[in-house]
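Participant: One structure, as C-alpha cells, below. Some questions next.
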Amino acid sequence: MDKTAIENIISELREMQKSRGCPEIDLLETAMFLEDVFGIRLDESEIDESVLGPRAELTAFVSYKLGDS
C-alpha cells in the first residue's frame, strides 16, 4: 500500500476522533483500527501515546509495520 493511501486512511480516522472529542479512548481505538484495516497487530508496548497519539507520525509507523519503509 502506498504512503498516500495510508495517509488518507489515517486522516479519516483522525478526523473522526477529533469530531468525537473523546481522547481517553483514542489509543485503544487506533490500535484496533490498525489491526482491522491494515492487519497490524501491536504488542502492549506499542499501545502508547508516543506511537499512536494525535501527534505521533502514524503514517511512518504503519509503513514500517507493513514493511514499506
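For the C-alpha cells, the naming scheme is as follows: chains receive sequential letters (A, B, ...) according to their order of presentation, residues are indexed from 1 within each chain, and ligands are indexed from 1 in presentation order.
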Region 16-30 of chain A: which residues within 9 Å, counting only C-alpha atoms, same-chain residues fewer than 5 positions away excluded, as a PDB file with N, CA, C and O atoms, in the first residue's frame?
Facilitator:
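Everything below was put into part14.pdb:
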```pdb
ATOM      1  N   SER A  11      -5.936   9.854   8.036  1.00  0.00           N
ATOM      2  CA  SER A  11      -6.563  11.168   8.128  1.00  0.00           C
ATOM      3  C   SER A  11      -8.053  11.035   8.448  1.00  0.00           C
ATOM      4  O   SER A  11      -8.592  11.788   9.264  1.00  0.00           O
ATOM      5  N   GLU A  35      -5.310  -2.809  13.399  1.00  0.00           N
ATOM      6  CA  GLU A  35      -5.455  -4.250  13.223  1.00  0.00           C
ATOM      7  C   GLU A  35      -6.543  -4.564  12.198  1.00  0.00           C
ATOM      8  O   GLU A  35      -6.346  -5.386  11.305  1.00  0.00           O
ATOM      9  N   ILE A  47       1.171   0.280  22.240  1.00  0.00           N
ATOM     10  CA  ILE A  47      -0.080   0.993  22.508  1.00  0.00           C
ATOM     11  C   ILE A  47       0.249   2.097  23.507  1.00  0.00           C
ATOM     12  O   ILE A  47       0.046   1.977  24.708  1.00  0.00           O
ATOM     13  N   ASP A  48       0.799   3.158  22.961  1.00  0.00           N
ATOM     14  CA  ASP A  48       1.357   4.238  23.762  1.00  0.00           C
ATOM     15  C   ASP A  48       1.111   5.560  23.043  1.00  0.00           C
ATOM     16  O   ASP A  48       1.041   5.599  21.812  1.00  0.00           O
ATOM     17  N   GLU A  49       1.014   6.628  23.804  1.00  0.00           N
ATOM     18  CA  GLU A  49       0.779   7.969  23.260  1.00  0.00           C
ATOM     19  C   GLU A  49       1.855   8.359  22.240  1.00  0.00           C
ATOM     20  O   GLU A  49       1.561   8.982  21.229  1.00  0.00           O
ATOM     21  N   LEU A  52       0.897   6.028  19.043  1.00  0.00           N
ATOM     22  CA  LEU A  52      -0.440   6.117  18.465  1.00  0.00           C
ATOM     23  C   LEU A  52      -1.169   7.423  18.743  1.00  0.00           C
ATOM     24  O   LEU A  52      -2.271   7.635  18.251  1.00  0.00           O
ATOM     25  N   GLY A  53      -0.567   8.281  19.544  1.00  0.00           N
ATOM     26  CA  GLY A  53      -1.228   9.525  19.937  1.00  0.00           C
ATOM     27  C   GLY A  53      -1.435  10.483  18.773  1.00  0.00           C
ATOM     28  O   GLY A  53      -0.938  10.261  17.666  1.00  0.00           O
ATOM     29  N   PRO A  54      -2.166  11.579  19.037  1.00  0.00           N
ATOM     30  CA  PRO A  54      -2.506  12.521  17.967  1.00  0.00           C
ATOM     31  C   PRO A  54      -1.311  13.217  17.332  1.00  0.00           C
ATOM     32  O   PRO A  54      -1.378  13.653  16.195  1.00  0.00           O
TER      33      PRO A  54
END
```
Participant: Report as a ChimeraX atom specification all protein, DNA and RNA residues lying within 12 Å of Lys65 (chain A), evaluated on only C-alpha atoms, omitting residues in the same chain fewer than 2 positions from it.
Facilitator: /A:1,6,34-35,38-43,46,51,58-63,67-69
Participant: Would you write out those residues with N, CA, C and O atoms, as a CSV table (one decimal), in the first residue's frame?
Facilitator:
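This is the output file again.csv:
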```csv
chain,number,residue,atom,x,y,z
A,1,MET,N,0.9,-1.2,0.0
A,1,MET,CA,0.0,0.0,0.0
A,1,MET,C,0.9,1.2,0.0
A,1,MET,O,1.9,1.3,0.7
A,6,ILE,N,-2.2,5.3,2.7
A,6,ILE,CA,-2.1,5.2,4.2
A,6,ILE,C,-2.4,6.5,4.8
A,6,ILE,O,-3.2,6.5,5.8
A,34,LEU,N,-5.9,-0.1,13.4
A,34,LEU,CA,-4.7,-0.6,12.7
A,34,LEU,C,-4.8,-2.1,12.4
A,34,LEU,O,-4.4,-2.6,11.4
A,35,GLU,N,-5.3,-2.8,13.4
A,35,GLU,CA,-5.5,-4.3,13.2
A,35,GLU,C,-6.5,-4.6,12.2
A,35,GLU,O,-6.3,-5.4,11.3
A,38,PHE,N,-5.4,-2.6,8.5
A,38,PHE,CA,-4.1,-2.9,7.9
A,38,PHE,C,-3.6,-4.3,8.3
A,38,PHE,O,-2.5,-4.7,7.8
A,39,GLY,N,-4.2,-5.0,9.3
A,39,GLY,CA,-3.8,-6.3,9.7
A,39,GLY,C,-2.6,-6.2,10.6
A,39,GLY,O,-1.8,-7.2,10.8
A,40,ILE,N,-2.3,-5.0,11.2
A,40,ILE,CA,-1.2,-4.8,12.1
A,40,ILE,C,-1.6,-5.1,13.5
A,40,ILE,O,-2.4,-4.5,14.1
A,41,ARG,N,-0.9,-6.1,14.1
A,41,ARG,CA,-1.2,-6.5,15.5
A,41,ARG,C,-0.1,-5.9,16.3
A,41,ARG,O,1.1,-6.1,16.1
A,42,LEU,N,-0.5,-5.0,17.3
A,42,LEU,CA,0.5,-4.3,18.1
A,42,LEU,C,0.8,-5.1,19.4
A,42,LEU,O,-0.1,-5.7,19.9
A,43,ASP,N,2.0,-5.0,19.9
A,43,ASP,CA,2.2,-5.5,21.2
A,43,ASP,C,1.9,-4.4,22.2
A,43,ASP,O,1.7,-3.3,21.9
A,46,GLU,N,3.6,-1.0,22.2
A,46,GLU,CA,3.3,-0.1,21.1
A,46,GLU,C,2.0,0.7,21.3
A,46,GLU,O,1.8,1.7,20.6
A,51,VAL,N,3.4,6.5,20.2
A,51,VAL,CA,3.3,5.7,19.0
A,51,VAL,C,2.0,6.0,18.3
A,51,VAL,O,1.9,6.1,17.1
A,58,LEU,N,1.9,8.5,12.6
A,58,LEU,CA,1.3,7.2,12.4
A,58,LEU,C,1.5,6.7,11.0
A,58,LEU,O,1.6,5.5,10.8
A,59,THR,N,1.6,7.5,10.0
A,59,THR,CA,1.8,7.0,8.6
A,59,THR,C,3.1,6.3,8.5
A,59,THR,O,3.2,5.2,7.9
A,60,ALA,N,4.2,6.9,9.1
A,60,ALA,CA,5.5,6.2,9.0
A,60,ALA,C,5.5,4.9,9.8
A,60,ALA,O,6.1,3.9,9.4
A,61,PHE,N,4.8,4.9,11.0
A,61,PHE,CA,4.7,3.7,11.8
A,61,PHE,C,4.0,2.6,11.0
A,61,PHE,O,4.5,1.5,11.0
A,62,VAL,N,2.9,2.9,10.4
A,62,VAL,CA,2.1,1.9,9.6
A,62,VAL,C,3.0,1.4,8.4
A,62,VAL,O,3.1,0.2,8.2
A,63,SER,N,3.7,2.3,7.7
A,63,SER,CA,4.5,1.9,6.6
A,63,SER,C,5.6,1.0,7.1
A,63,SER,O,5.9,0.0,6.5
A,67,GLY,N,6.2,-3.0,6.3
A,67,GLY,CA,7.5,-3.3,5.6
A,67,GLY,C,7.7,-2.5,4.4
A,67,GLY,O,8.5,-2.8,3.5
A,68,ASP,N,7.0,-1.3,4.3
A,68,ASP,CA,7.2,-0.4,3.2
A,68,ASP,C,8.1,0.7,3.4
A,68,ASP,O,8.2,1.6,2.6
A,69,SER,N,8.9,0.7,4.5
A,69,SER,CA,9.7,1.9,4.8
A,69,SER,C,11.0,1.9,4.0
A,69,SER,O,11.4,1.2,3.3
```
Participant: What is the CA of Asn8 (chain A)-CA of Ala56 (chain A) distance in Å, reported with one decimal?
Facilitator: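 Separation of CA of Asn8 (chain A) and CA of Ala56 (chain A): 15.5 Å.
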